>>> print(open('target_23.pdb').read())   # PDB, C-alpha atoms and all ligand atoms
MODEL        1
ATOM      1  CA  MET D   1    -304.728 -44.697 201.589
ATOM      2  CA  ILE D   2    -304.396 -47.019 198.553
ATOM      3  CA  ASP D   3    -303.088 -50.518 199.241
ATOM      4  CA  ASN D   4    -299.525 -50.919 197.861
ATOM      5  CA  ASN D   5    -300.490 -54.144 196.139
ATOM      6  CA  SER D   6    -303.598 -52.753 194.466
ATOM      7  CA  ILE D   7    -303.702 -52.753 190.672
ATOM      8  CA  LYS D   8    -304.614 -49.035 190.764
ATOM      9  CA  LYS D   9    -301.497 -48.081 192.739
ATOM     10  CA  ILE D  10    -299.222 -50.251 190.602
ATOM     11  CA  LEU D  11    -300.624 -48.618 187.479
ATOM     12  CA  ILE D  12    -300.304 -45.055 188.868
ATOM     13  CA  VAL D  13    -296.679 -45.633 189.939
ATOM     14  CA  GLY D  14    -295.805 -47.421 186.667
ATOM     15  CA  ILE D  15    -297.344 -44.779 184.413
ATOM     16  CA  SER D  16    -295.863 -41.899 186.468
ATOM     17  CA  LEU D  17    -292.431 -43.492 186.261
ATOM     18  CA  CYS D  18    -292.790 -43.910 182.481
ATOM     19  CA  LEU D  19    -293.875 -40.272 182.071
ATOM     20  CA  VAL D  20    -290.976 -38.949 184.176
ATOM     21  CA  CYS D  21    -288.438 -41.135 182.347
ATOM     22  CA  SER D  22    -289.709 -40.206 178.884
ATOM     23  CA  ALA D  23    -289.676 -36.505 179.848
ATOM     24  CA  ILE D  24    -286.026 -36.858 180.976
ATOM     25  CA  VAL D  25    -285.049 -38.717 177.777
ATOM     26  CA  SER D  26    -286.876 -36.195 175.554
ATOM     27  CA  LEU D  27    -285.266 -33.244 177.341
ATOM     28  CA  ALA D  28    -281.837 -34.846 177.042
ATOM     29  CA  ALA D  29    -282.416 -35.522 173.333
ATOM     30  CA  ILE D  30    -283.520 -31.917 172.715
ATOM     31  CA  ASN D  31    -280.598 -30.486 174.691
ATOM     32  CA  LEU D  32    -278.084 -32.770 173.008
ATOM     33  CA  ARG D  33    -279.369 -32.130 169.481
ATOM     34  CA  ASP D  34    -277.585 -28.782 169.170
ATOM     35  CA  LYS D  35    -274.428 -30.330 170.587
ATOM     36  CA  GLN D  36    -274.651 -33.202 168.090
ATOM     37  CA  ILE D  37    -275.081 -30.782 165.178
ATOM     38  CA  GLU D  38    -272.136 -28.736 166.461
ATOM     39  CA  ASN D  39    -269.994 -31.878 166.792
ATOM     40  CA  ALA D  40    -270.883 -33.001 163.262
ATOM     41  CA  LEU D  41    -269.966 -29.554 161.909
ATOM     42  CA  ASN D  42    -266.698 -29.572 163.837
ATOM     43  CA  GLU D  43    -265.924 -33.035 162.494
ATOM     44  CA  GLN D  44    -266.407 -31.677 158.974
ATOM     45  CA  LYS D  45    -264.192 -28.685 159.705
ATOM     46  CA  ILE D  46    -261.489 -31.035 160.990
ATOM     47  CA  LYS D  47    -261.698 -33.068 157.770
ATOM     48  CA  ILE D  48    -261.615 -29.943 155.602
ATOM     49  CA  LEU D  49    -258.456 -28.767 157.375
ATOM     50  CA  ALA D  50    -256.921 -32.255 157.504
ATOM     51  CA  SER D  51    -257.389 -32.715 153.747
ATOM     52  CA  ALA D  52    -255.206 -29.652 153.155
ATOM     53  CA  ASN D  53    -252.791 -30.608 155.931
ATOM     54  CA  LEU D  54    -253.700 -27.496 157.918
ATOM     55  CA  LEU D  55    -254.477 -28.947 161.342
ATOM     56  CA  SER D  56    -252.271 -27.461 164.014
ATOM     57  CA  GLU D  57    -251.645 -28.448 167.614
ATOM     58  CA  GLU D  58    -250.857 -24.882 168.621
ATOM     59  CA  LYS D  59    -254.116 -23.366 167.416
ATOM     60  CA  THR D  60    -257.767 -24.111 168.129
ATOM     61  CA  LEU D  61    -260.010 -25.489 165.413
ATOM     62  CA  GLU D  62    -261.782 -22.134 165.084
ATOM     63  CA  GLU D  63    -258.487 -20.235 164.838
ATOM     64  CA  VAL D  64    -257.248 -22.445 162.017
ATOM     65  CA  PHE D  65    -260.615 -22.536 160.283
ATOM     66  CA  SER D  66    -260.779 -18.738 160.274
ATOM     67  CA  SER D  67    -257.910 -18.801 157.738
ATOM     68  CA  ILE D  68    -260.220 -20.568 155.290
ATOM     69  CA  GLU D  69    -262.356 -18.653 152.834
ATOM     70  CA  GLU D  70    -265.671 -20.342 152.046
ATOM     71  CA  ARG D  71    -267.297 -19.621 148.689
ATOM     72  CA  ILE D  72    -270.322 -20.878 146.798
ATOM     73  CA  VAL D  73    -269.616 -22.001 143.251
ATOM     74  CA  ASP D  74    -272.090 -22.370 140.395
ATOM     75  CA  LEU D  75    -271.070 -25.781 139.045
ATOM     76  CA  GLU D  76    -272.447 -25.055 135.578
ATOM     77  CA  THR D  77    -270.445 -21.896 134.960
ATOM     78  CA  GLY D  78    -267.655 -22.484 137.467
ATOM     79  CA  GLN D  79    -268.114 -18.966 138.797
ATOM     80  CA  PHE D  80    -268.524 -17.754 142.330
ATOM     81  CA  VAL D  81    -272.031 -16.869 143.439
ATOM     82  CA  ASN D  82    -272.495 -14.096 145.970
ATOM     83  CA  THR D  83    -276.258 -14.249 146.274
ATOM     84  CA  ILE D  84    -276.460 -17.462 148.336
ATOM     85  CA  ASN D  85    -276.107 -17.298 152.105
ATOM     86  CA  LEU D  86    -272.941 -19.175 153.097
ATOM     87  CA  GLU D  87    -274.110 -19.822 156.650
ATOM     88  CA  THR D  88    -277.407 -21.459 155.742
ATOM     89  CA  PHE D  89    -276.185 -23.234 152.582
ATOM     90  CA  ASP D  90    -276.999 -26.940 152.837
ATOM     91  CA  ALA D  91    -275.571 -29.022 149.978
ATOM     92  CA  ASN D  92    -277.873 -31.962 150.778
ATOM     93  CA  LYS D  93    -280.992 -29.807 150.505
ATOM     94  CA  VAL D  94    -279.710 -28.165 147.319
ATOM     95  CA  ALA D  95    -279.029 -31.606 145.802
ATOM     96  CA  LYS D  96    -282.524 -32.877 146.665
ATOM     97  CA  ASP D  97    -284.416 -29.835 145.389
ATOM     98  CA  PRO D  98    -285.292 -30.270 141.680
ATOM     99  CA  LYS D  99    -285.103 -26.467 141.280
ATOM    100  CA  THR D 100    -281.445 -26.403 142.330
ATOM    101  CA  SER D 101    -280.155 -29.733 141.018
ATOM    102  CA  ILE D 102    -280.027 -31.887 137.920
ATOM    103  CA  VAL D 103    -280.960 -35.539 137.626
ATOM    104  CA  LEU D 104    -277.998 -37.469 136.257
ATOM    105  CA  SER D 105    -278.453 -40.012 133.490
ATOM    106  CA  ASN D 106    -277.014 -43.508 134.022
ATOM    107  CA  ASP D 107    -274.081 -42.650 131.774
ATOM    108  CA  GLN D 108    -273.325 -39.479 133.679
ATOM    109  CA  ASP D 109    -273.823 -40.918 137.139
ATOM    110  CA  ILE D 110    -270.552 -42.804 137.592
ATOM    111  CA  ALA D 111    -270.433 -41.848 141.287
ATOM    112  CA  LEU D 112    -274.003 -43.122 141.808
ATOM    113  CA  ILE D 113    -275.292 -39.959 143.444
ATOM    114  CA  LYS D 114    -278.520 -39.664 141.357
ATOM    115  CA  ASN D 115    -278.782 -35.853 141.581
ATOM    116  CA  ARG D 116    -276.087 -33.221 141.270
ATOM    117  CA  GLU D 117    -276.591 -29.925 143.020
ATOM    118  CA  ASN D 118    -276.121 -26.789 140.911
ATOM    119  CA  TYR D 119    -274.170 -25.046 143.658
ATOM    120  CA  ALA D 120    -271.395 -26.241 145.947
ATOM    121  CA  LYS D 121    -269.519 -24.779 148.887
ATOM    122  CA  ILE D 122    -265.770 -24.850 148.369
ATOM    123  CA  TYR D 123    -262.914 -23.783 150.617
ATOM    124  CA  LEU D 124    -259.841 -21.724 149.779
ATOM    125  CA  HIS D 125    -256.715 -21.330 151.860
ATOM    126  CA  TYR D 126    -254.127 -18.619 151.308
ATOM    127  CA  ASN D 127    -250.551 -18.047 152.423
ATOM    128  CA  ASP D 128    -250.832 -14.279 152.802
ATOM    129  CA  VAL D 129    -252.495 -13.481 149.471
ATOM    130  CA  GLU D 130    -251.116 -16.456 147.527
ATOM    131  CA  LEU D 131    -253.595 -19.267 146.967
ATOM    132  CA  ASN D 132    -252.280 -22.315 148.822
ATOM    133  CA  ALA D 133    -255.076 -24.897 148.699
ATOM    134  CA  VAL D 134    -258.453 -25.468 147.098
ATOM    135  CA  ILE D 135    -260.686 -27.861 149.007
ATOM    136  CA  LEU D 136    -263.602 -29.468 147.178
ATOM    137  CA  PRO D 137    -266.489 -31.504 148.629
ATOM    138  CA  VAL D 138    -266.822 -34.899 146.924
ATOM    139  CA  ARG D 139    -269.167 -37.836 147.365
ATOM    140  CA  GLY D 140    -269.998 -41.139 145.736
ATOM    141  CA  TYR D 141    -271.165 -44.666 146.406
ATOM    142  CA  GLY D 142    -268.840 -47.291 147.847
ATOM    143  CA  LEU D 143    -270.080 -50.799 148.562
ATOM    144  CA  TRP D 144    -272.643 -50.071 151.270
ATOM    145  CA  GLY D 145    -273.481 -46.417 150.916
ATOM    146  CA  THR D 146    -272.385 -42.935 149.932
ATOM    147  CA  MET D 147    -268.930 -41.824 151.016
ATOM    148  CA  TYR D 148    -268.646 -38.087 151.753
ATOM    149  CA  GLY D 149    -265.309 -36.318 151.783
ATOM    150  CA  TYR D 150    -263.027 -33.483 150.829
ATOM    151  CA  LEU D 151    -260.293 -33.367 148.221
ATOM    152  CA  ALA D 152    -257.586 -30.729 148.675
ATOM    153  CA  LEU D 153    -255.525 -29.569 145.706
ATOM    154  CA  GLU D 154    -252.403 -27.429 145.617
ATOM    155  CA  SER D 155    -252.538 -24.077 143.846
ATOM    156  CA  ASP D 156    -251.435 -25.751 140.588
ATOM    157  CA  LEU D 157    -254.954 -27.313 140.691
ATOM    158  CA  ASN D 158    -253.428 -30.668 139.798
ATOM    159  CA  THR D 159    -251.411 -31.943 142.753
ATOM    160  CA  ILE D 160    -253.352 -33.560 145.575
ATOM    161  CA  ILE D 161    -252.614 -32.491 149.138
ATOM    162  CA  GLY D 162    -255.034 -34.969 150.680
ATOM    163  CA  LEU D 163    -258.332 -36.819 150.537
ATOM    164  CA  GLU D 164    -260.415 -37.174 153.700
ATOM    165  CA  PHE D 165    -263.771 -38.829 154.187
ATOM    166  CA  TYR D 166    -266.072 -37.702 157.007
ATOM    167  CA  LYS D 167    -268.953 -40.131 156.463
ATOM    168  CA  ASP D 168    -269.111 -43.628 154.970
ATOM    169  CA  LYS D 169    -270.790 -46.983 155.526
ATOM    170  CA  GLU D 170    -267.903 -49.202 154.432
ATOM    171  CA  THR D 171    -266.830 -52.252 156.438
ATOM    172  CA  PRO D 172    -264.233 -51.743 159.179
ATOM    173  CA  GLY D 173    -261.002 -53.475 158.156
ATOM    174  CA  LEU D 174    -262.058 -53.543 154.476
ATOM    175  CA  GLY D 175    -263.626 -50.528 152.737
ATOM    176  CA  ALA D 176    -263.392 -48.354 155.851
ATOM    177  CA  GLU D 177    -259.614 -48.492 155.435
ATOM    178  CA  ILE D 178    -260.171 -45.357 153.319
ATOM    179  CA  ASN D 179    -259.812 -43.673 156.720
ATOM    180  CA  ASN D 180    -256.544 -45.402 157.590
ATOM    181  CA  PRO D 181    -253.796 -42.736 157.943
ATOM    182  CA  LYS D 182    -251.369 -45.019 156.065
ATOM    183  CA  TRP D 183    -253.675 -45.166 153.027
ATOM    184  CA  LYS D 184    -254.529 -41.482 153.233
ATOM    185  CA  LYS D 185    -250.792 -40.658 153.100
ATOM    186  CA  LEU D 186    -250.579 -42.297 149.655
ATOM    187  CA  TRP D 187    -252.636 -39.468 148.151
ATOM    188  CA  LYS D 188    -250.170 -36.688 148.937
ATOM    189  CA  GLY D 189    -248.425 -35.546 145.767
ATOM    190  CA  LYS D 190    -250.564 -37.603 143.385
ATOM    191  CA  GLU D 191    -251.779 -35.707 140.339
ATOM    192  CA  ILE D 192    -255.292 -35.635 138.929
ATOM    193  CA  TYR D 193    -254.194 -35.146 135.298
ATOM    194  CA  SER D 194    -251.807 -37.322 133.301
ATOM    195  CA  THR D 195    -248.919 -35.698 131.423
ATOM    196  CA  ASN D 196    -251.158 -35.488 128.326
ATOM    197  CA  GLY D 197    -253.827 -33.628 130.281
ATOM    198  CA  GLU D 198    -256.337 -36.435 130.788
ATOM    199  CA  LEU D 199    -258.241 -36.858 134.026
ATOM    200  CA  ALA D 200    -256.358 -39.933 135.214
ATOM    201  CA  ILE D 201    -256.484 -40.110 138.993
ATOM    202  CA  GLN D 202    -257.517 -43.590 140.127
ATOM    203  CA  VAL D 203    -257.297 -46.243 142.808
ATOM    204  CA  ILE D 204    -255.902 -49.421 141.251
ATOM    205  CA  LYS D 205    -256.151 -53.058 142.348
ATOM    206  CA  GLY D 206    -252.900 -53.957 144.117
ATOM    207  CA  SER D 207    -249.838 -51.757 144.527
ATOM    208  CA  VAL D 208    -248.555 -49.101 142.167
ATOM    209  CA  MET D 209    -245.132 -50.014 140.746
ATOM    210  CA  THR D 210    -242.523 -47.275 140.942
ATOM    211  CA  ASP D 211    -241.716 -47.774 137.235
ATOM    212  CA  ASP D 212    -245.405 -47.444 136.231
ATOM    213  CA  SER D 213    -245.674 -44.588 133.729
ATOM    214  CA  GLY D 214    -248.924 -43.553 135.451
ATOM    215  CA  PHE D 215    -247.343 -43.646 138.930
ATOM    216  CA  ASN D 216    -248.294 -40.029 139.693
ATOM    217  CA  ASN D 217    -251.971 -40.668 138.933
ATOM    218  CA  LYS D 218    -252.398 -44.025 140.681
ATOM    219  CA  VAL D 219    -253.021 -44.959 144.317
ATOM    220  CA  ASP D 220    -252.687 -48.469 145.804
ATOM    221  CA  GLY D 221    -255.950 -50.383 146.159
ATOM    222  CA  LEU D 222    -257.259 -51.578 149.512
ATOM    223  CA  SER D 223    -256.864 -55.290 149.864
ATOM    224  CA  GLY D 224    -260.236 -57.082 149.951
ATOM    225  CA  ALA D 225    -262.002 -53.802 149.152
ATOM    226  CA  THR D 226    -261.769 -53.314 145.410
ATOM    227  CA  ILE D 227    -265.399 -52.166 145.241
ATOM    228  CA  THR D 228    -264.772 -49.312 147.687
ATOM    229  CA  GLY D 229    -261.565 -48.411 145.802
ATOM    230  CA  ASN D 230    -263.514 -48.289 142.536
ATOM    231  CA  GLY D 231    -266.075 -46.093 144.285
ATOM    232  CA  VAL D 232    -263.310 -43.654 145.269
ATOM    233  CA  THR D 233    -262.008 -43.608 141.678
ATOM    234  CA  ASN D 234    -265.514 -42.995 140.337
ATOM    235  CA  LEU D 235    -266.326 -40.203 142.743
ATOM    236  CA  LEU D 236    -263.070 -38.398 141.962
ATOM    237  CA  GLN D 237    -263.564 -38.874 138.226
ATOM    238  CA  PHE D 238    -267.093 -37.478 138.540
ATOM    239  CA  TRP D 239    -266.343 -34.472 140.734
ATOM    240  CA  LEU D 240    -263.314 -33.476 138.690
ATOM    241  CA  SER D 241    -265.227 -33.776 135.392
ATOM    242  CA  ASP D 242    -267.233 -31.119 133.550
ATOM    243  CA  LEU D 243    -270.291 -32.178 135.578
ATOM    244  CA  GLY D 244    -268.346 -31.499 138.764
ATOM    245  CA  PHE D 245    -265.654 -28.924 139.471
ATOM    246  CA  GLN D 246    -263.855 -28.830 136.115
ATOM    247  CA  PRO D 247    -265.537 -25.560 135.006
ATOM    248  CA  PHE D 248    -264.577 -24.003 138.356
ATOM    249  CA  LEU D 249    -260.976 -25.273 138.174
ATOM    250  CA  ASN D 250    -260.723 -23.871 134.626
ATOM    251  CA  GLN D 251    -261.987 -20.490 135.827
ATOM    252  CA  LEU D 252    -259.479 -20.542 138.664
ATOM    253  CA  LYS D 253    -256.603 -21.483 136.329
ATOM    254  CA  ASN D 254    -257.394 -18.499 134.135
ATOM    255  CA  ASN D 255    -257.446 -16.199 137.114
ATOM    256  CA  LYS D 256    -254.033 -16.417 138.693
ATOM    257  CA  THR D 257    -254.474 -13.060 140.435
ATOM    258  CA  LEU D 258    -257.243 -14.442 142.631
ATOM    259  CA  SER D 259    -256.666 -13.376 146.200
ATOM    260  CA  MET D 260    -258.707 -13.203 149.366
ATOM    261  CA  GLU D 261    -259.503  -9.551 148.680
ATOM    262  CA  SER D 262    -259.983  -9.714 144.957
ATOM    263  CA  GLY D 263    -263.602 -10.831 144.865
ATOM    264  CA  ASP D 264    -265.061 -12.907 142.092
ATOM    265  CA  VAL D 265    -263.480 -15.262 139.604
TER     266      VAL D 265
HETATM  267  C1  LIG K   1    -269.319 -58.832 155.189
HETATM  268  C2  LIG K   1    -268.547 -58.304 154.027
HETATM  269  C3  LIG K   1    -268.201 -56.956 154.002
HETATM  270  C4  LIG K   1    -267.487 -56.430 152.918
HETATM  271  N1  LIG K   1    -267.193 -55.104 152.909
HETATM  272  C5  LIG K   1    -266.553 -54.601 151.849
HETATM  273  C6  LIG K   1    -266.282 -53.190 151.774
HETATM  274  O1  LIG K   1    -266.562 -52.395 152.676
HETATM  275  N2  LIG K   1    -265.685 -52.747 150.637
HETATM  276  C7  LIG K   1    -265.334 -53.566 149.598
HETATM  277  O2  LIG K   1    -264.839 -53.088 148.586
HETATM  278  N3  LIG K   1    -265.549 -54.877 149.678
HETATM  279  C8  LIG K   1    -266.135 -55.420 150.765
HETATM  280  N4  LIG K   1    -266.368 -56.749 150.825
HETATM  281  C9  LIG K   1    -265.782 -57.609 149.788
HETATM  282  C10 LIG K   1    -266.487 -57.497 148.472
HETATM  283  O3  LIG K   1    -267.611 -58.287 148.460
HETATM  284  C11 LIG K   1    -265.526 -57.929 147.349
HETATM  285  O4  LIG K   1    -265.186 -59.275 147.547
HETATM  286  C12 LIG K   1    -264.265 -57.122 147.365
HETATM  287  O5  LIG K   1    -264.539 -55.770 147.166
HETATM  288  C13 LIG K   1    -263.319 -57.561 146.258
HETATM  289  O6  LIG K   1    -262.055 -56.972 146.542
HETATM  290  P1  LIG K   1    -260.678 -57.734 146.227
HETATM  291  O7  LIG K   1    -260.715 -57.952 144.762
HETATM  292  O8  LIG K   1    -259.611 -56.765 146.646
HETATM  293  O9  LIG K   1    -260.703 -58.991 147.024
HETATM  294  C14 LIG K   1    -267.087 -57.273 151.875
HETATM  295  C15 LIG K   1    -267.430 -58.637 151.923
HETATM  296  C16 LIG K   1    -268.143 -59.129 152.979
HETATM  297  C17 LIG K   1    -268.490 -60.595 153.000
ENDMDL
END
>>> encode(input="target_23.pdb", output="structure tokens", more="lines below")
Ligand SMILES: Cc1cc2nc3c(=O)[nH]c(=O)nc-3n(C[C@H](O)[C@H](O)[C@H](O)COP(=O)(O)O)c2cc1C
Amino acid sequence: MIDNNSIKKILIVGISLCLVCSAIVSLAAINLRDKQIENALNEQKIKILASANLLSEEKTLEEVFSSIEERIVDLETGQFVNTINLETFDANKVAKDPKTSIVLSNDQDIALIKNRENYAKIYLHYNDVELNAVILPVRGYGLWGTMYGYLALESDLNTIIGLEFYKDKETPGLGAEINNPKWKKLWKGKEIYSTNGELAIQVIKGSVMTDDSGFNNKVDGLSGATITGNGVTNLLQFWLSDLGFQPFLNQLKNNKTLSMESGDV
């Protein structure tokens, strides 16, 4: 029998307790990892649907999401790619791999993302066979880090349905107001191109005046968060440019017969 106050017993009990606790924590971490990944994916699905105003209280997330068609787009050509596995496609990995991305020059990199992936996963929603929404992944630097989101366009490929961010590092009450429902509402109906066809969508400083000739292309700035607002402008300008989704949007515009069944652009 070892004396309860002996150093040996204290050490045995202490070390055993540590081992048991760390085993419990490790097991919990391993078991929760899948759940965390699933939650993050669900959060993204919610944002994808929310951007196109498709969330429904009557249907489950999976039911609504099943109405979405996911496609991989070659950003260079703007065409669909059928040879990449949709399930395992990871935009972050594609963007980091020099074989599947380009390094942006300072002039090109207005969204401050450094590398642009050559392929992107986009989302299409149809009313029966009529294209209803095109949802594009967008990202760019705010004040504190990269903001990741989805931009949903109507089938005219000009009118915005919504803009939703699912990850950002902006300050609550300042830049993080990009997630405020009131601000998000301002995007509905805004247009990415001006009447003379220029890419004109932007967040301004202050409020947009109703008599502003660019009213349809401008969104109110966030007070005390001009840097984040500029970041949003820059990321939209980048992802809608010829380095982003412009080639794809052009392909889609020229292919009005596109339907869920009709295959490639
Ligand atoms: C602690 C701290 C956090 C801030 N967070 C943000 C932010 O998330 N986004 C942002 O644009 N500006 C943020 N700012 C303010 C910027 O430094 C800058 O003053 C602001 O973007 C200018 O916007 P305004 O012209 O609307 O005042 C922060 C400032 C401080 C001190």
>>> atom_distance(input="target_23.pdb", atom1="atom CA of D:Ser241", atom2="atom CA of D:Thr195")
16.9 Å
>>> resolve_selection(input="target_23.pdb", expression="the PyMOL selection byres (((chain D and resi 159) around 12) and not hetatm)", output="list in words")
Ala52, Asn132, Ala133, Val134, Ile135, Leu151, Ala152, Leu153, Glu154, Ser155, Asp156, Leu157, Asn158, Ile160, Ile161, Gly162, Leu163, Trp187, Lys188, Gly189, Lys190, Glu191, Ile192, Tyr193, Ser194, Ile201, Asn216 and Asn217 of chain D
>>> residues_near_ligand(input="target_23.pdb", ligand="ligand LIG 1 (chain K)", cutoff="9 Å", atoms="all atoms listed in the file", output="PyMOL selection string")
chain D and resi 142-144+169-177+205-206+221-231
>>> closest_residue(input="target_23.pdb", among="D:Ile48, D:Leu75, D:Val208, D:Ile84", to="D:Leu124", atoms="only C-alpha atoms")
D:Ile48
>>> atom_distance(input="target_23.pdb", atom1="atom CA of D:Asn53", atom2="atom CA of D:Ser66")
15.0 Å
